[in-house]
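Visitor: So that you have it, the file is work_35.tsv, and it contains TSV, C-alpha atoms and all ligand atoms:
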```
chain	number	residue	atom	x	y	z
M	1	MET	CA	-142.79	40.10	42.89
M	2	ARG	CA	-145.66	38.45	41.08
M	3	VAL	CA	-149.33	38.78	41.86
M	4	THR	CA	-151.81	36.03	41.06
M	5	PHE	CA	-155.50	36.73	41.47
M	6	LEU	CA	-157.02	33.74	43.30
M	7	GLY	CA	-160.52	35.23	43.33
M	8	THR	CA	-162.03	38.38	41.86
M	9	GLY	CA	-165.74	38.06	42.64
M	10	THR	CA	-168.06	39.54	45.21
M	11	SER	CA	-169.45	37.62	48.18
M	12	HIS	CA	-171.75	35.33	46.18
M	13	GLY	CA	-169.10	34.41	43.64
M	14	ILE	CA	-169.97	34.03	39.97
M	15	PRO	CA	-171.95	32.11	38.88
M	16	VAL	CA	-174.39	32.86	41.66
M	17	ILE	CA	-176.08	29.67	42.80
M	18	GLY	CA	-179.31	29.22	40.84
M	19	CYS	CA	-178.85	32.32	38.66
M	20	THR	CA	-179.45	32.04	34.93
M	21	CYS	CA	-178.37	35.54	33.89
M	22	ALA	CA	-176.10	35.98	30.87
M	23	VAL	CA	-172.97	36.47	32.99
M	24	CYS	CA	-173.61	33.48	35.26
M	25	ALA	CA	-174.35	31.35	32.18
M	26	SER	CA	-171.40	32.73	30.21
M	27	PRO	CA	-168.95	30.22	28.70
M	28	ASN	CA	-166.13	32.78	29.05
M	29	PRO	CA	-163.96	31.58	31.98
M	30	LYS	CA	-163.24	35.22	32.87
M	31	ASN	CA	-166.87	35.50	33.97
M	32	ARG	CA	-166.37	32.77	36.57
M	33	ARG	CA	-165.15	34.36	39.77
M	34	ASN	CA	-164.11	32.89	43.09
M	35	ARG	CA	-164.55	34.97	46.20
M	36	ILE	CA	-161.74	37.47	46.72
M	37	GLY	CA	-158.07	36.73	47.29
M	38	VAL	CA	-154.66	37.48	45.86
M	39	TRP	CA	-151.34	35.64	46.06
M	40	LEU	CA	-148.05	37.55	46.23
M	41	HIS	CA	-144.95	35.57	45.43
M	42	GLU	CA	-141.37	35.87	44.30
M	43	GLY	CA	-138.51	33.63	43.35
M	44	PRO	CA	-138.88	30.86	40.78
M	45	ALA	CA	-142.19	30.83	38.93
M	46	HIS	CA	-144.74	28.86	40.92
M	47	THR	CA	-147.20	28.12	38.18
M	48	GLY	CA	-144.99	27.80	35.15
M	49	ARG	CA	-147.65	29.70	33.27
M	50	ASP	CA	-147.27	32.45	30.73
M	51	LEU	CA	-147.13	35.66	32.73
M	52	THR	CA	-148.49	37.78	29.92
M	53	GLU	CA	-152.15	38.60	29.76
M	54	LYS	CA	-152.35	36.97	26.35
M	55	GLY	CA	-151.10	33.72	27.78
M	56	HIS	CA	-153.70	33.81	30.45
M	57	ALA	CA	-156.44	34.73	28.07
M	58	GLU	CA	-155.80	31.43	26.39
M	59	ALA	CA	-155.70	29.46	29.62
M	60	LYS	CA	-158.73	27.61	30.78
M	61	THR	CA	-160.02	28.57	34.20
M	62	SER	CA	-161.59	25.68	36.01
M	63	ALA	CA	-161.68	26.73	39.63
M	64	ASN	CA	-165.30	27.70	39.83
M	65	ALA	CA	-166.45	24.69	37.89
M	66	LYS	CA	-165.47	22.61	40.89
M	67	THR	CA	-167.03	24.84	43.49
M	68	ALA	CA	-170.60	25.24	44.47
M	69	GLY	CA	-170.03	28.20	46.75
M	70	SER	CA	-170.58	28.01	50.45
M	71	ALA	CA	-172.85	30.05	52.60
M	72	SER	CA	-171.47	33.18	54.18
M	73	HIS	CA	-172.45	34.10	57.70
M	74	VAL	CA	-172.19	37.79	57.08
M	75	ALA	CA	-170.94	38.74	53.67
M	76	CYS	CA	-169.72	42.06	52.39
M	77	ASN	CA	-172.56	42.58	50.01
M	78	ASP	CA	-175.07	42.40	52.83
M	79	GLY	CA	-173.71	45.56	54.37
M	80	ALA	CA	-174.48	44.14	57.81
M	81	PRO	CA	-171.95	44.81	60.54
M	82	ILE	CA	-170.00	42.01	62.13
M	83	ILE	CA	-170.03	41.95	65.89
M	84	PRO	CA	-166.44	41.98	67.07
M	85	GLY	CA	-165.64	38.84	69.01
M	86	SER	CA	-165.33	39.01	72.75
M	87	ASP	CA	-164.66	35.32	73.26
M	88	VAL	CA	-160.93	35.36	73.72
M	89	ARG	CA	-160.36	32.13	75.55
M	90	PRO	CA	-157.59	31.12	77.93
M	91	GLY	CA	-154.83	29.44	76.01
M	92	ALA	CA	-155.13	31.67	73.00
M	93	GLU	CA	-151.99	33.51	73.99
M	94	THR	CA	-149.90	30.43	73.45
M	95	ILE	CA	-150.36	30.67	69.72
M	96	ALA	CA	-151.77	34.14	69.27
M	97	SER	CA	-149.68	37.04	70.44
M	98	PRO	CA	-150.35	40.40	68.84
M	99	ILE	CA	-147.17	42.36	68.35
M	100	PRO	CA	-147.65	46.14	68.47
M	101	GLY	CA	-146.17	47.56	65.32
M	102	ALA	CA	-145.84	44.09	63.88
M	103	ALA	CA	-142.29	44.73	62.83
M	104	ALA	CA	-141.04	41.18	63.13
M	105	ASP	CA	-139.37	39.36	60.29
M	106	THR	CA	-140.12	35.68	60.72
M	107	THR	CA	-139.46	34.50	57.22
M	108	SER	CA	-135.84	35.30	56.54
M	109	ASP	CA	-135.00	31.62	56.88
M	110	ARG	CA	-137.12	30.95	53.79
M	111	ALA	CA	-135.89	33.88	51.75
M	112	PRO	CA	-133.94	31.75	49.25
M	113	GLN	CA	-137.21	30.30	48.01
M	114	GLY	CA	-138.82	33.71	47.79
M	115	LEU	CA	-141.64	34.98	49.95
M	116	SER	CA	-145.18	33.71	49.44
M	117	ALA	CA	-148.14	35.51	50.98
M	118	VAL	CA	-151.84	36.02	50.45
M	119	ILE	CA	-154.28	38.84	51.05
M	120	ASP	CA	-157.69	37.55	52.21
M	121	ILE	CA	-158.72	33.89	52.35
M	122	SER	CA	-162.09	32.95	50.94
M	123	SER	CA	-164.02	29.71	50.89
M	124	GLU	CA	-162.38	28.81	47.57
M	125	PHE	CA	-158.84	29.34	48.89
M	126	ARG	CA	-157.92	25.64	48.86
M	127	LEU	CA	-159.17	25.09	45.33
M	128	ALA	CA	-157.44	28.24	44.14
M	129	CYS	CA	-154.15	27.03	45.71
M	130	LEU	CA	-154.45	23.78	43.79
M	131	ASP	CA	-155.34	25.51	40.53
M	132	ARG	CA	-152.64	28.18	40.74
M	133	GLY	CA	-149.80	26.17	42.21
M	134	LEU	CA	-149.62	27.74	45.67
M	135	LYS	CA	-147.74	25.14	47.73
M	136	ARG	CA	-146.29	27.08	50.62
M	137	LEU	CA	-147.20	30.23	52.45
M	138	ASP	CA	-145.17	32.49	54.72
M	139	PHE	CA	-147.91	34.77	56.00
M	140	ALA	CA	-151.36	36.20	55.35
M	141	LEU	CA	-152.79	39.71	55.37
M	142	LEU	CA	-156.47	40.29	56.09
M	143	THR	CA	-158.33	43.42	55.01
M	144	HIS	CA	-161.31	42.77	57.31
M	145	ALA	CA	-163.33	39.89	58.71
M	146	HIS	CA	-166.38	39.74	56.45
M	147	SER	CA	-167.09	36.12	55.59
M	148	ASP	CA	-166.04	36.23	51.95
M	149	HIS	CA	-162.58	37.38	53.06
M	150	VAL	CA	-161.88	34.92	55.89
M	151	SER	CA	-164.07	31.83	55.44
M	152	GLY	CA	-161.16	29.72	54.17
M	153	LEU	CA	-158.92	30.29	57.19
M	154	ASP	CA	-159.25	26.71	58.39
M	155	ASP	CA	-157.35	25.58	55.30
M	156	LEU	CA	-154.21	27.33	56.56
M	157	ARG	CA	-153.63	24.41	58.92
M	158	ILE	CA	-151.80	22.38	56.28
M	159	PHE	CA	-149.02	24.96	56.17
M	160	SER	CA	-148.48	24.77	59.93
M	161	GLN	CA	-148.51	20.99	59.77
M	162	THR	CA	-145.80	21.16	57.12
M	163	THR	CA	-143.58	23.71	58.85
M	164	GLY	CA	-144.40	23.18	62.51
M	165	LYS	CA	-144.98	26.93	62.86
M	166	ALA	CA	-148.10	28.95	63.49
M	167	MET	CA	-149.14	30.99	60.46
M	168	PRO	CA	-148.55	34.74	60.90
M	169	ILE	CA	-151.76	36.63	60.15
M	170	TYR	CA	-151.57	40.40	59.98
M	171	SER	CA	-154.52	42.76	60.31
M	172	ASP	CA	-155.99	45.47	62.50
M	173	ASN	CA	-157.06	44.63	66.03
M	174	ARG	CA	-160.76	44.69	65.16
M	175	THR	CA	-160.30	41.99	62.53
M	176	LEU	CA	-158.07	39.87	64.75
M	177	GLU	CA	-160.64	39.97	67.55
M	178	ASP	CA	-163.23	38.73	65.10
M	179	ILE	CA	-160.93	35.92	63.98
M	180	ARG	CA	-160.49	34.84	67.61
M	181	ALA	CA	-164.27	34.59	67.96
M	182	ARG	CA	-165.05	32.94	64.63
M	183	PHE	CA	-162.26	30.39	64.86
M	184	ALA	CA	-162.36	29.89	68.63
M	185	TYR	CA	-161.66	26.16	68.21
M	186	ALA	CA	-158.21	27.03	66.88
M	187	PHE	CA	-157.31	28.87	70.07
M	188	ASN	CA	-158.71	26.35	72.53
M	189	PRO	CA	-158.88	23.07	70.64
M	190	PRO	CA	-160.49	20.01	72.24
M	191	LYS	CA	-157.97	17.24	72.81
M	192	GLU	CA	-159.96	14.69	70.83
M	193	TYR	CA	-159.62	16.52	67.50
M	194	GLY	CA	-158.17	14.04	65.04
M	195	GLY	CA	-157.55	16.20	61.99
M	196	GLY	CA	-155.66	18.91	63.79
M	197	THR	CA	-156.57	22.51	64.24
M	198	PRO	CA	-155.07	25.51	62.52
M	199	GLN	CA	-152.37	27.46	64.31
M	200	TYR	CA	-152.61	31.20	63.93
M	201	ASP	CA	-150.04	33.75	65.01
M	202	LEU	CA	-152.17	36.89	65.06
M	203	ARG	CA	-150.20	40.10	64.62
M	204	GLU	CA	-151.74	43.50	64.95
M	205	VAL	CA	-150.83	45.98	62.25
M	206	THR	CA	-150.38	49.51	63.56
M	207	GLY	CA	-148.10	50.96	60.92
M	208	VAL	CA	-145.62	50.17	58.17
M	209	PHE	CA	-143.85	46.87	58.74
M	210	GLN	CA	-141.31	44.67	57.04
M	211	VAL	CA	-141.44	40.95	56.29
M	212	GLY	CA	-138.34	39.58	54.61
M	213	GLY	CA	-137.56	42.07	51.87
M	214	TRP	CA	-141.11	43.35	51.61
M	215	ARG	CA	-142.16	46.70	53.00
M	216	ILE	CA	-145.86	46.52	53.79
M	217	THR	CA	-147.93	49.65	54.26
M	218	PRO	CA	-151.43	49.37	55.75
M	219	LEU	CA	-153.95	51.52	53.87
M	220	PRO	CA	-156.86	52.61	56.08
M	221	VAL	CA	-160.08	52.97	54.04
M	222	MET	CA	-163.80	53.12	54.77
M	223	HIS	CA	-166.05	50.17	53.83
M	224	GLY	CA	-169.34	51.98	54.27
M	225	PRO	CA	-169.32	52.85	57.99
M	226	GLU	CA	-166.53	50.41	58.83
M	227	PRO	CA	-162.81	51.21	58.87
M	228	ILE	CA	-160.86	48.42	57.20
M	229	LEU	CA	-157.42	47.98	55.65
M	230	GLY	CA	-155.95	47.81	52.19
M	231	PHE	CA	-152.28	47.00	51.78
M	232	ARG	CA	-149.38	48.30	49.73
M	233	ILE	CA	-146.49	45.90	49.14
M	234	GLY	CA	-143.73	47.50	47.09
M	235	ASN	CA	-145.41	49.00	44.04
M	236	PHE	CA	-148.55	46.89	44.31
M	237	ALA	CA	-151.62	48.01	46.27
M	238	PHE	CA	-154.76	46.04	47.07
M	239	ILE	CA	-157.86	48.00	48.08
M	240	THR	CA	-161.05	45.98	48.19
M	241	ASP	CA	-164.42	46.66	49.81
M	242	VAL	CA	-164.17	50.42	49.89
M	243	THR	CA	-166.39	53.44	49.58
M	244	VAL	CA	-163.99	56.18	50.65
M	245	ILE	CA	-160.20	56.34	50.40
M	246	PRO	CA	-159.15	59.13	52.78
M	247	GLU	CA	-156.69	61.78	51.63
M	248	SER	CA	-154.14	60.47	54.13
M	249	THR	CA	-154.29	57.08	52.42
M	250	LEU	CA	-154.25	58.51	48.90
M	251	ALA	CA	-150.96	60.13	49.89
M	252	LEU	CA	-149.51	56.62	50.36
M	253	LEU	CA	-150.33	55.56	46.80
M	254	ASP	CA	-147.85	57.50	44.70
M	255	GLY	CA	-145.79	55.64	42.13
M	256	LEU	CA	-147.80	52.43	42.02
M	257	ASP	CA	-147.19	49.95	39.25
M	258	VAL	CA	-150.41	48.02	39.87
M	259	LEU	CA	-153.51	48.86	41.90
M	260	ALA	CA	-156.21	46.25	42.53
M	261	LEU	CA	-159.39	48.19	43.30
M	262	ASP	CA	-162.92	47.38	44.44
M	263	CYS	CA	-165.61	47.73	41.75
M	264	LEU	CA	-168.87	46.04	42.64
M	265	ARG	CA	-171.22	46.99	39.76
M	266	LYS	CA	-172.50	49.99	37.80
M	267	ARG	CA	-175.24	50.89	40.27
M	268	PRO	CA	-174.21	52.67	43.48
M	269	HIS	CA	-173.85	50.64	46.67
M	270	SER	CA	-173.56	51.70	50.28
M	271	THR	CA	-170.38	49.76	51.08
M	272	HIS	CA	-168.57	49.37	47.74
M	273	LEU	CA	-167.35	51.47	44.83
M	274	SER	CA	-169.49	51.54	41.71
M	275	LEU	CA	-167.82	51.37	38.31
M	276	ASP	CA	-167.81	55.16	37.85
M	277	GLN	CA	-166.45	55.70	41.36
M	278	ALA	CA	-163.72	53.11	40.83
M	279	ILE	CA	-162.69	54.76	37.55
M	280	ALA	CA	-162.57	58.14	39.27
M	281	TYR	CA	-160.29	56.80	42.02
M	282	ALA	CA	-158.12	54.99	39.49
M	283	LYS	CA	-157.63	58.21	37.53
M	284	ARG	CA	-156.79	60.09	40.70
M	285	ILE	CA	-154.32	57.48	42.00
M	286	GLN	CA	-152.71	57.00	38.57
M	287	ALA	CA	-151.16	53.60	39.03
M	288	ARG	CA	-149.54	52.43	35.81
M	289	ARG	CA	-152.22	49.73	35.66
M	290	THR	CA	-155.42	49.37	37.68
M	291	TYR	CA	-157.29	46.07	37.90
M	292	LEU	CA	-160.90	46.05	39.06
M	293	ILE	CA	-161.88	43.35	41.59
M	294	HIS	CA	-164.83	42.15	43.74
M	295	LEU	CA	-167.29	42.22	40.83
M	296	THR	CA	-170.89	41.05	40.86
M	297	HIS	CA	-172.64	39.24	38.00
M	298	GLU	CA	-173.99	42.61	36.86
M	299	LEU	CA	-170.65	43.27	35.15
M	300	GLU	CA	-169.78	41.16	32.12
M	301	HIS	CA	-166.01	40.90	31.75
M	302	GLU	CA	-165.50	41.83	28.10
M	303	GLU	CA	-168.25	44.46	27.91
M	304	THR	CA	-166.92	46.18	31.01
M	305	GLU	CA	-163.32	46.11	29.87
M	306	ASN	CA	-164.14	47.39	26.37
M	307	ASP	CA	-165.52	50.60	27.83
M	308	LEU	CA	-162.47	51.27	30.02
M	309	PRO	CA	-159.35	53.27	29.24
M	310	PRO	CA	-156.37	51.02	28.49
M	311	GLU	CA	-154.71	51.58	31.86
M	312	ILE	CA	-157.78	50.21	33.68
M	313	ARG	CA	-158.53	46.52	33.20
M	314	VAL	CA	-160.86	44.00	34.78
M	315	ALA	CA	-159.05	41.34	36.82
M	316	TYR	CA	-160.02	37.70	36.45
M	317	ASP	CA	-159.28	34.55	38.36
M	318	GLY	CA	-155.84	33.20	37.49
M	319	LEU	CA	-154.51	36.47	36.10
M	320	GLU	CA	-150.82	36.62	37.00
M	321	ILE	CA	-148.83	39.80	36.64
M	322	GLU	CA	-145.27	40.88	37.35
M	323	ILE	CA	-144.95	43.97	39.55
M	324	ALA	CA	-142.22	46.40	38.54
M	325	ASP	CA	-139.77	47.44	41.28
M	401	ZN	ZN	-176.22	35.87	37.51
M	402	ZN	ZN	-166.59	43.47	53.22
M	403	ZN	ZN	-165.98	41.48	50.24
```
What is this structure when it is put down as structure tokens?
Ligand SMILES: [Zn+2]
Ligand SMILES: [Zn+2]
Ligand SMILES: [Zn+2]

Guide:
Amino acid sequence: MRVTFLGTGTSHGIPVIGCTCAVCASPNPKNRRNRIGVWLHEGPAHTGRDLTEKGHAEAKTSANAKTAGSASHVACNDGAPIIPGSDVRPGAETIASPIPGAAADTTSDRAPQGLSAVIDISSEFRLACLDRGLKRLDFALLTHAHSDHVSGLDDLRIFSQTTGKAMPIYSDNRTLEDIRARFAYAFNPPKEYGGGTPQYDLREVTGVFQVGGWRITPLPVMHGPEPILGFRIGNFAFITDVTVIPESTLALLDGLDVLALDCLRKRPHSTHLSLDQAIAYAKRIQARRTYLIHLTHELEHEETENDLPPEIRVAYDGLEIEIAD
């Protein structure tokens, strides 16, 4: 399995609109960060790019140059709670049917091409797909419903138009309820819509489940006062927007090849890990490699990385890594 980082920035993205700080003004493409998202894929190489870090260091990153950043309704950095949606409309069940345990395998018919999935879907999702070569998608995992993690969900509709199938979206019930409220038009679309509405197949995650050949383990963590999910797929784990990783979840993280871990900035924050806290968790979890994600413009890429032990690196948009079995 390969992992491609589609976005590695916090809710404002980097550069922040209107900011003239050294990081936002930096010519280093690694300091330009889309909102969060990661692409998991297997089979033939999708991008044709050099999978080594050196190859990527030489690659130009252009995604953010084309994006101006869109407003978030409630973004992670605000620390404000989202009100779970209660507007589940009649008709939603025709395309949204939570499956307790979410054990279904709906993608075996596409296995020869290799599975393709994403975790979290930001406003820059479409541009990141174009930049990184993501052309098809089998399913999506959502950690939680803060705006910077779900604002791009409308752009999933192209995949359903191509395949004729609703897109499976896996998360906890709280997040799925929020998706039903935020994207209510997708569950009860007006007949006069010309461009088509997205089709979501919402699937509640209540434990370990399998999609194709991938074993997916939900990782309950605390995002300030809110319980949200990380995910482990094989020997890769993605834990963003976290303040506390409970012991019961730490016990699920043995033997990781790669851990992607929240690291907002050096200063403490009420709903995210600081740099020191992220390093402490990385040393405790002991993945072979840890990549820091969800950074603000207070962390310059090279300066931050130079102070880290070699097994902890700073992720950047477009970084593509092979996960060992
Ligand atoms: Zn800045
Ligand atoms: Zn958040
Ligand atoms: Zn976030």

Visitor: Contacts of M:His223 at 8 Å or less, counting only C-alpha atoms, minus same-chain residues fewer than 3 places along, as a ChimeraX atom specification?

Guide: /M:226-228,241-244,271-272

Visitor: Taking only C-alpha atoms and all ligand atoms into account, produce a table as CSV in which each residue of chain M with an atom at most 6 Å from an atom of ligand ZN 403 (chain M) appears once, together with its shortest atom pair and the distance in Å to one decimal, ordered by chain and rising number.

Guide:
```
residue,atom,partner,partner_atom,distance
M:Thr10,CA,M:ZN403,ZN,5.8
M:Ser11,CA,M:ZN403,ZN,5.6
M:Cys76,CA,M:ZN403,ZN,4.4
M:Asp148,CA,M:ZN403,ZN,5.5
M:Asp241,CA,M:ZN403,ZN,5.4
```

Visitor: Neighbours of ligand ZN 401 (chain M) within 7 Å, counting all atoms listed in the file, as a ChimeraX atom specification?

Guide: /M:14-16,19-24,297

Visitor: Let me make sure I understand: among M:Thr240, M:Thr290, M:Thr296, M:Ser171, which one has the smallest atom-to-atom distance to M:Pro310 if we use all atoms listed in the file?

Guide: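 Selected residue with least distance to M:Pro310: M:Thr290.
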
Visitor: Could you check how far atom CA of M:Leu259 sits from atom CA of M:Asp201, in Å to one decimal?

Guide: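 A separation of 27.8 Å between them.
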
Visitor: Can you work out which one of M:Met167, M:Ala128, M:His294, M:Pro220 has the shortest atom-to-atom distance to ligand ZN 402 (chain M), counting only C-alpha atoms and all ligand atoms?

Guide: M:His294

Visitor: Which one is closest to M:Gly224: M:Ile245, M:Glu320, M:Leu256, M:Ala181? Count all atoms listed in the file.

Guide: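 Smallest separation from M:Gly224 among the options: M:Ile245.
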
Visitor: Between M:Ala237, M:Ala140, M:Val221, M:Leu134, which is the closest to M:Leu261 once you count all atoms listed in the file?

Guide: M:Ala237

Visitor: I need the residue nearest M:Asp172 from this list: M:Gly9, M:Gly230, M:Pro198, M:Pro309. Use all atoms listed in the file for the distance.

Guide: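 Looking at the shortest contact to M:Asp172, the residue is M:Gly230.
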
Visitor: What's the 12 Å shell around M:Glu303, counting all atoms listed in the file, without same-chain residues fewer than 3 positions away, as number ranges by chain?

Guide: M: 22-23, 28, 30-31, 298-300, 306-308, 313-314

Visitor: Out of M:Leu40, M:Ile285, M:Ala280, M:Leu142, which residue has the shortest atom-to-atom distance to ligand ZN 402 (chain M) when counting only C-alpha atoms and all ligand atoms?

Guide: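 Residue with the minimum atom-to-atom distance to ligand ZN 402 (chain M): M:Leu142.
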
Visitor: When you draw a straight line from atom CA of M:Pro268 to atom CA of M:Asp254, how long is it in Å?

Guide: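 If I compute the distance from atom CA of M:Pro268 to atom CA of M:Asp254, I get 26.8 Å.
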
Visitor: Starting from the point (-141.4, 46.2, 48.4), work out which residues of protein, DNA or RNA have an atom no more than 12 Å away when counting all atoms listed in the file; state them as a PDB file with C-alpha atoms, in the coordinates of the input.

Guide:
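After the write, out-v2.pdb holds the following:
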```
ATOM      1  CA  MET M   1    -142.790  40.100  42.890  1.00  0.00           C
ATOM      2  CA  ARG M   2    -145.660  38.450  41.080  1.00  0.00           C
ATOM      3  CA  LEU M  40    -148.050  37.550  46.230  1.00  0.00           C
ATOM      4  CA  HIS M  41    -144.950  35.570  45.430  1.00  0.00           C
ATOM      5  CA  GLU M  42    -141.370  35.870  44.300  1.00  0.00           C
ATOM      6  CA  LEU M 115    -141.640  34.980  49.950  1.00  0.00           C
ATOM      7  CA  VAL M 208    -145.620  50.170  58.170  1.00  0.00           C
ATOM      8  CA  PHE M 209    -143.850  46.870  58.740  1.00  0.00           C
ATOM      9  CA  GLN M 210    -141.310  44.670  57.040  1.00  0.00           C
ATOM     10  CA  VAL M 211    -141.440  40.950  56.290  1.00  0.00           C
ATOM     11  CA  GLY M 212    -138.340  39.580  54.610  1.00  0.00           C
ATOM     12  CA  GLY M 213    -137.560  42.070  51.870  1.00  0.00           C
ATOM     13  CA  TRP M 214    -141.110  43.350  51.610  1.00  0.00           C
ATOM     14  CA  ARG M 215    -142.160  46.700  53.000  1.00  0.00           C
ATOM     15  CA  ILE M 216    -145.860  46.520  53.790  1.00  0.00           C
ATOM     16  CA  THR M 217    -147.930  49.650  54.260  1.00  0.00           C
ATOM     17  CA  PHE M 231    -152.280  47.000  51.780  1.00  0.00           C
ATOM     18  CA  ARG M 232    -149.380  48.300  49.730  1.00  0.00           C
ATOM     19  CA  ILE M 233    -146.490  45.900  49.140  1.00  0.00           C
ATOM     20  CA  GLY M 234    -143.730  47.500  47.090  1.00  0.00           C
ATOM     21  CA  ASN M 235    -145.410  49.000  44.040  1.00  0.00           C
ATOM     22  CA  PHE M 236    -148.550  46.890  44.310  1.00  0.00           C
ATOM     23  CA  ALA M 237    -151.620  48.010  46.270  1.00  0.00           C
ATOM     24  CA  LEU M 256    -147.800  52.430  42.020  1.00  0.00           C
ATOM     25  CA  ASP M 257    -147.190  49.950  39.250  1.00  0.00           C
ATOM     26  CA  ILE M 323    -144.950  43.970  39.550  1.00  0.00           C
ATOM     27  CA  ALA M 324    -142.220  46.400  38.540  1.00  0.00           C
ATOM     28  CA  ASP M 325    -139.770  47.440  41.280  1.00  0.00           C
TER      29      ASP M 325
END
```

Visitor: Expressed in Å to a single decimal, how great is the separation between atom CA of M:Ser116 and atom CA of M:His149?

Guide: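 Between atom CA of M:Ser116 and atom CA of M:His149 the gap works out to 18.1 Å.
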
Visitor: Set the distance at 8 Å and use all atoms listed in the file: which residues neighbour M:Pro168 once local chain neighbours fewer than 3 positions away are removed? I'd like the list as a PyMOL selection string.

Guide: chain M and resi 138-140+200-203

Visitor: For M:Trp39, work out the shell of residues within 6 Å, counting only C-alpha atoms and skipping chain neighbours fewer than 4 positions away, then give it as a PyMOL selection string.

Guide: chain M and resi 3-4+117-118

Visitor: Any chance you could export the current selection's C-alpha atoms as a compact mmCIF listing (two decimals), in the coordinates of the input?

Guide:
```txt
# COMPACT_ATOMS: atom_id res chain seq x y z
CA VAL M 3 -149.33 38.78 41.86
CA THR M 4 -151.81 36.03 41.06
CA ALA M 117 -148.14 35.51 50.98
CA VAL M 118 -151.84 36.02 50.45
```

Visitor: Could you work out an axis-aligned bounding box for all listed atoms of stretch 174-189 of chain M, with 8 Å added on each of the six sides, and give its centre and edge lengths in Å to one decimal, as lines of an AutoDock Vina configuration file?

Guide:
```
center_x = -161.2
center_y = 33.9
center_z = 67.5
size_x = 23.7
size_y = 37.6
size_z = 26.0
```
